[in-house]
file structure20.cif (mmCIF, C-alpha atoms and all ligand atoms)
data_model
#
loop_
_atom_site.label_atom_id
_atom_site.label_comp_id
_atom_site.auth_asym_id
_atom_site.auth_seq_id
_atom_site.Cartn_x
_atom_site.Cartn_y
_atom_site.Cartn_z
CA GLN C 117 33.62 -44.27 -18.16
CA ARG C 118 34.98 -42.49 -21.21
CA ARG C 119 31.81 -41.18 -22.71
CA CYS C 120 31.08 -39.22 -19.55
CA ILE C 121 33.41 -36.50 -20.74
CA VAL C 122 31.04 -35.29 -23.39
CA GLY C 123 28.17 -35.72 -20.99
CA LEU C 124 29.87 -33.41 -18.55
CA VAL C 125 30.40 -30.74 -21.13
CA VAL C 126 26.78 -30.87 -22.09
CA ARG C 127 25.63 -30.85 -18.51
CA ASP C 128 27.84 -27.94 -17.61
CA TRP C 129 26.42 -25.90 -20.41
CA SER C 130 22.86 -26.63 -19.66
CA TRP C 131 23.69 -25.51 -16.14
CA VAL C 132 25.48 -22.36 -17.22
CA GLY C 133 22.62 -21.55 -19.56
CA GLY C 134 20.17 -22.11 -16.73
CA ARG C 135 18.32 -24.72 -18.75
CA GLY C 136 17.77 -28.43 -18.39
CA ARG C 137 18.01 -30.79 -15.52
CA GLY C 138 21.36 -29.47 -14.34
CA SER C 139 19.83 -26.22 -13.15
CA ARG C 140 18.11 -26.23 -9.80
CA SER C 141 14.50 -25.29 -10.30
CA GLY C 142 13.28 -22.08 -8.78
CA ALA C 143 15.28 -18.94 -9.29
CA TRP C 144 16.82 -17.70 -6.06
CA TRP C 145 17.80 -14.27 -7.32
CA GLY C 146 15.39 -11.60 -6.21
CA ALA C 147 14.33 -13.87 -3.37
CA GLU C 148 16.11 -14.14 -0.09
CA ALA C 149 19.51 -15.73 -0.38
CA PRO C 150 19.45 -19.36 0.81
CA ARG C 151 20.76 -19.89 4.33
CA LEU C 152 23.79 -22.11 4.35
CA ARG C 153 23.69 -24.96 6.80
CA GLU C 154 26.13 -25.11 9.65
CA TRP C 155 28.52 -28.04 9.51
CA ASP C 156 27.00 -29.80 12.54
CA GLU C 157 23.52 -29.57 10.99
CA TRP C 158 24.66 -31.70 8.06
CA ASP C 159 23.02 -35.13 7.95
CA PRO C 160 23.41 -37.38 4.89
CA GLU C 161 19.92 -38.86 5.58
CA ASP C 162 18.42 -35.49 4.63
CA GLU C 163 19.58 -35.97 1.08
CA GLU C 164 17.31 -38.95 0.35
CA ASP C 165 14.40 -36.98 -1.05
CA GLU C 166 16.55 -34.78 -3.23
CA GLU C 167 16.63 -35.16 -6.99
CA PRO C 168 18.81 -38.06 -8.14
CA ALA C 169 22.48 -37.40 -8.74
CA LEU C 170 23.30 -36.70 -12.37
CA GLU C 171 25.40 -39.85 -12.57
CA GLU C 172 22.33 -42.03 -11.94
CA LEU C 173 20.50 -40.85 -15.04
CA GLU C 174 20.73 -43.06 -18.10
CA GLN C 175 22.28 -41.05 -20.85
CA ARG C 176 23.39 -41.55 -24.42
CA GLU C 177 25.84 -39.27 -26.13
CA VAL C 178 25.75 -38.35 -29.79
CA LEU C 179 28.41 -36.24 -31.46
CA VAL C 180 27.30 -34.24 -34.50
CA LEU C 181 30.08 -33.23 -36.88
CA GLY C 182 30.37 -32.08 -40.46
CA LEU C 183 31.73 -29.16 -42.51
CA ASP C 184 30.62 -25.61 -41.71
CA GLY C 185 27.16 -25.01 -43.11
CA ALA C 186 26.47 -28.72 -43.55
CA GLY C 187 23.33 -28.46 -41.44
CA LYS C 188 24.35 -29.62 -37.96
CA SER C 189 22.64 -26.84 -36.00
CA THR C 190 19.60 -27.16 -38.23
CA PHE C 191 19.47 -30.87 -37.46
CA LEU C 192 19.60 -30.18 -33.72
CA ARG C 193 16.95 -27.46 -33.99
CA VAL C 194 14.55 -29.59 -35.96
CA LEU C 195 15.01 -32.54 -33.60
CA SER C 196 14.15 -30.32 -30.66
CA GLY C 197 10.97 -29.14 -32.38
CA LYS C 198 12.17 -25.73 -33.50
CA PRO C 199 11.82 -24.42 -37.06
CA PRO C 200 15.03 -24.33 -39.14
CA LEU C 201 16.73 -20.96 -39.49
CA GLU C 202 16.83 -19.34 -42.91
CA GLY C 203 20.52 -18.49 -43.00
CA HIS C 204 23.66 -20.11 -41.75
CA ILE C 205 24.77 -18.77 -38.38
CA PRO C 206 28.10 -20.47 -37.68
CA THR C 207 28.52 -22.26 -34.38
CA TRP C 208 31.63 -20.79 -32.79
CA GLY C 209 32.33 -23.62 -30.41
CA PHE C 210 29.79 -26.10 -29.17
CA ASN C 211 26.06 -26.40 -29.32
CA SER C 212 24.04 -29.01 -27.49
CA VAL C 213 20.53 -30.25 -26.88
CA ARG C 214 19.20 -32.88 -24.54
CA LEU C 215 16.25 -34.90 -25.73
CA PRO C 216 14.39 -37.18 -23.35
CA THR C 217 13.11 -40.50 -24.64
CA LYS C 218 11.15 -43.24 -22.93
CA ASP C 219 14.26 -45.16 -21.88
CA PHE C 220 17.04 -42.59 -21.63
CA GLU C 221 18.11 -39.07 -22.36
CA VAL C 222 20.00 -38.31 -25.54
CA ASP C 223 22.63 -35.59 -25.44
CA LEU C 224 23.45 -34.29 -28.90
CA LEU C 225 26.63 -32.27 -29.06
CA GLU C 226 27.55 -30.29 -32.15
CA ILE C 227 31.04 -28.94 -32.61
CA GLY C 228 31.22 -26.14 -35.16
CA GLY C 229 32.62 -27.11 -38.54
CA SER C 230 34.79 -24.07 -39.25
CA GLN C 231 38.40 -24.98 -39.90
CA ASN C 232 39.80 -23.75 -36.59
CA LEU C 233 37.32 -25.93 -34.68
CA ARG C 234 37.88 -29.15 -36.59
CA PHE C 235 41.01 -29.61 -34.53
CA TYR C 236 38.76 -30.48 -31.56
CA TRP C 237 36.64 -33.05 -33.31
CA LYS C 238 38.98 -35.94 -32.71
CA GLU C 239 39.08 -35.19 -28.99
CA PHE C 240 35.44 -36.12 -28.63
CA VAL C 241 34.87 -38.81 -31.17
CA ASN C 242 35.89 -41.70 -28.90
CA GLU C 243 33.89 -40.39 -25.98
CA VAL C 244 30.44 -40.78 -27.46
CA ASP C 245 28.07 -43.59 -28.33
CA VAL C 246 27.30 -42.50 -31.86
CA LEU C 247 28.84 -40.11 -34.36
CA VAL C 248 26.50 -38.34 -36.77
CA PHE C 249 28.46 -36.88 -39.67
CA VAL C 250 26.32 -34.38 -41.59
CA VAL C 251 27.02 -33.84 -45.28
CA ASP C 252 25.28 -31.29 -47.52
CA SER C 253 24.36 -33.28 -50.61
CA ALA C 254 24.04 -30.04 -52.61
CA ASP C 255 27.63 -29.04 -51.84
CA ARG C 256 29.32 -31.14 -54.50
CA LEU C 257 32.37 -28.91 -54.55
CA ARG C 258 33.30 -29.57 -50.94
CA LEU C 259 32.43 -33.25 -50.87
CA PRO C 260 36.13 -34.25 -51.04
CA TRP C 261 36.74 -32.09 -47.94
CA ALA C 262 33.90 -33.77 -46.12
CA ARG C 263 35.39 -37.11 -47.05
CA GLN C 264 38.85 -36.04 -45.90
CA GLU C 265 37.61 -34.75 -42.55
CA LEU C 266 35.58 -37.89 -41.94
CA HIS C 267 38.56 -40.08 -42.70
CA LYS C 268 40.78 -38.01 -40.40
CA LEU C 269 38.58 -39.13 -37.52
CA GLU C 270 39.61 -42.72 -38.08
CA ALA C 271 43.00 -44.29 -37.59
CA MET C 272 44.72 -45.21 -40.83
CA SER C 273 44.92 -48.82 -41.92
CA MET C 274 48.33 -50.40 -42.30
CA VAL C 275 47.96 -50.43 -46.09
CA GLU C 276 47.10 -46.72 -46.07
CA MET C 277 50.06 -45.98 -43.79
CA GLN C 278 52.38 -47.81 -46.14
CA GLN C 279 51.08 -45.81 -49.10
CA GLU C 280 50.94 -42.46 -47.34
CA LEU C 281 54.47 -42.83 -45.97
CA GLY C 282 55.67 -43.99 -49.38
CA LEU C 283 57.51 -46.89 -47.77
CA GLN C 284 57.73 -48.85 -51.04
CA ALA C 285 59.86 -46.03 -52.48
CA ILE C 286 62.42 -46.06 -49.68
CA ASP C 287 66.00 -46.96 -50.56
CA SER C 288 66.07 -50.66 -51.39
CA GLN C 289 69.39 -50.91 -49.53
CA ARG C 290 67.42 -50.92 -46.32
CA GLU C 291 64.84 -53.32 -45.06
CA VAL C 292 61.65 -51.60 -44.03
CA PHE C 293 59.26 -52.99 -41.45
CA LEU C 294 55.86 -51.60 -40.66
CA LEU C 295 54.38 -52.97 -37.49
CA ALA C 296 51.18 -51.97 -35.79
CA ALA C 297 51.63 -51.38 -32.09
CA SER C 298 49.61 -49.88 -29.36
CA ILE C 299 50.80 -49.12 -25.85
CA ALA C 300 47.78 -50.97 -24.48
CA PRO C 301 47.49 -54.74 -25.03
CA ALA C 302 46.24 -55.53 -28.53
CA GLY C 303 43.06 -57.16 -27.31
CA PRO C 304 41.48 -59.13 -24.49
CA SER C 305 43.03 -62.40 -25.72
CA SER C 306 46.46 -60.85 -26.15
CA GLU C 307 48.81 -60.83 -23.20
CA GLU C 308 51.54 -58.72 -24.68
CA PRO C 309 51.36 -55.07 -25.58
CA GLY C 310 52.24 -54.35 -29.21
CA THR C 311 55.45 -52.72 -28.05
CA VAL C 312 56.78 -56.11 -26.98
CA HIS C 313 56.56 -57.33 -30.58
CA ILE C 314 58.61 -54.34 -31.66
CA TRP C 315 61.18 -54.99 -28.97
CA LYS C 316 61.46 -58.61 -30.11
CA LEU C 317 61.95 -57.52 -33.72
CA LEU C 318 64.61 -55.05 -32.61
CA LEU C 319 66.49 -57.79 -30.77
CA GLU C 320 66.22 -60.02 -33.82
CA LEU C 321 67.58 -57.31 -36.09
CA LEU C 322 70.40 -56.48 -33.69
CA SER C 323 71.57 -59.99 -33.05
N1 LIG P 401 17.54 -26.78 -48.41
C1 LIG P 401 18.01 -27.23 -47.26
N2 LIG P 401 18.69 -26.38 -46.51
C2 LIG P 401 19.16 -26.84 -45.34
C3 LIG P 401 18.96 -28.16 -44.92
N3 LIG P 401 19.59 -28.34 -43.73
C4 LIG P 401 20.13 -27.16 -43.44
N4 LIG P 401 19.88 -26.26 -44.39
C5 LIG P 401 20.31 -24.86 -44.46
O1 LIG P 401 21.73 -24.87 -44.52
C6 LIG P 401 22.30 -23.93 -43.61
C7 LIG P 401 23.06 -24.74 -42.59
O2 LIG P 401 23.30 -24.01 -41.45
P1 LIG P 401 23.67 -24.69 -40.05
O3 LIG P 401 22.71 -25.76 -39.74
O4 LIG P 401 23.82 -23.58 -39.11
O5 LIG P 401 25.08 -25.34 -40.41
P2 LIG P 401 26.13 -26.00 -39.40
O6 LIG P 401 26.52 -27.33 -39.96
O7 LIG P 401 25.63 -25.97 -38.03
O8 LIG P 401 27.38 -25.01 -39.60
P3 LIG P 401 28.54 -24.61 -38.52
O9 LIG P 401 27.93 -24.38 -37.20
O10 LIG P 401 29.17 -23.38 -39.09
O11 LIG P 401 29.53 -25.74 -38.51
C8 LIG P 401 21.12 -23.15 -43.04
O12 LIG P 401 20.94 -21.99 -43.82
C9 LIG P 401 19.93 -24.09 -43.22
O13 LIG P 401 18.72 -23.40 -43.39
C10 LIG P 401 18.24 -29.06 -45.75
O14 LIG P 401 18.04 -30.23 -45.47
N5 LIG P 401 17.79 -28.51 -46.91
MG MG P 402 26.23 -25.01 -36.33
#
call {"tool": "encode", "arguments": {"input": "structure20.cif", "output": "structure tokens"}}
result
Amino acid sequence: QRRCIVGLVVRDWSWVGGRGRGSRSGAWWGAEAPRLREWDEWDPEDEEDEEPALEELEQREVLVLGLDGAGKSTFLRVLSGKPPLEGHIPTWGFNSVRLPTKDFEVDLLEIGGSQNLRFYWKEFVNEVDVLVFVVDSADRLRLPWARQELHKLEAMSMVEMQQELGLQAIDSQREVFLLAASIAPAGPSSEEPGTVHIWKLLLELLS
């Protein structure tokens, strides 16, 4: 399932940080090192009483994006019951919290908003259940940038493509076609991938 990818990132961190469900309870350092079982002692039945595998836990993934300083980390802090910080400490990478609810656990993943990190935003946006896009309403000056970055997360419409590519201004000696195509089939009711339509048009133009 696609949204697992973000879940894994979050889980790995909580493990690396030694927090959360991913970390095995009980520190082993300082204590005697655990004895590894011999291969012939291994019995899958022994595993029954162990904590459930991570995959069995119901999880929801939320991606938190927005310009640098918009308030993403503050939002995560406040949601997890911590007081907001006075100043802006940029997130150089990712920041995550896991919040349990009655029905499931919510993983909130922030990706820092500095320009060199915005490149990664798009990689995660399709992997999550909900996108929270944080905008600082006092930052009037950068509102157009917030708008631009938000729009970059979405595919362009055909009308927008036509305008942005300036297709109407192309030499009138040539016919211009703009077709939407995806490598995958266009939808559950569609049998043909979009590329087939393009192939058919090509044949029509060539014949
Ligand atoms: N007045 C006011 N200040 C806020 C509010 N939310 C956040 N802030 C302040 O705005 C700053 C935002 O900082 P962060 O939350 O770290 O910003 P961020 O979006 O995580 O920034 P990056 O990690 O750099 O992308 C902090 O100084 C907060 O105290 C709010 O609702 N009102
Ligand atoms: Mg931050």
call {"tool": "residues_near_ligand", "arguments": {"input": "structure20.cif", "ligand": "ligand MG 402 (chain P)", "cutoff": "10 Å", "atoms": "all atoms listed in the file", "output": "PyMOL selection string"}}
result
chain C and resi 180-193+204-212+226-230
call {"tool": "atom_distance", "arguments": {"input": "structure20.cif", "atom1": "atom CA of Arg176 of chain C", "atom2": "atom CA of Glu239 of chain C"}}
result
17.5 Å
call {"tool": "atom_distance", "arguments": {"input": "structure20.cif", "atom1": "atom CA of Glu243 of chain C", "atom2": "atom CA of Met272 of chain C"}}
result
19.0 Å
call {"tool": "residues_around", "arguments": {"input": "structure20.cif", "residues": "segment 280-293 of chain C", "least_positions_apart": "6", "cutoff": "10 Å", "atoms": "all atoms listed in the file", "output": "number ranges by chain"}}
result
C: 272, 274, 314, 317
call {"tool": "closest_residue", "arguments": {"input": "structure20.cif", "among": "C:Glu177, C:Glu276, C:Glu221, C:Asp252", "to": "ligand LIG 401 (chain P)", "atoms": "only C-alpha atoms and all ligand atoms"}}
result
C:Asp252
call {"tool": "atom_distance", "arguments": {"input": "structure20.cif", "atom1": "atom CA of Lys238 of chain C", "atom2": "atom N1 of ligand LIG 401 (chain P)"}}
result
28.1 Å
call {"tool": "axis_aligned_box", "arguments": {"input": "structure20.cif", "around": "ligand LIG 401 (chain P)", "padding_each_side": "8 Å", "output": "AutoDock Vina command-line options"}}
result
--center_x 23.5 --center_y -26.1 --center_z -42.8 --size_x 28.0 --size_y 24.2 --size_z 27.2
call {"tool": "closest_residue", "arguments": {"input": "structure20.cif", "among": "C:Leu247, C:Leu201, C:Leu295, C:Glu265", "to": "Leu233 of chain C", "atoms": "only C-alpha atoms"}}
result
C:Glu265
call {"tool": "closest_residue", "arguments": {"input": "structure20.cif", "among": "C:Leu269, C:Val248, C:Val241, C:Leu257", "to": "ligand LIG 401 (chain P)", "atoms": "all atoms listed in the file"}}
result
C:Val248
call {"tool": "closest_residue", "arguments": {"input": "structure20.cif", "among": "C:Ser253, C:Gln175, C:Ser196, C:Asn242", "to": "ligand LIG 401 (chain P)", "atoms": "all atoms listed in the file"}}
result
C:Ser253
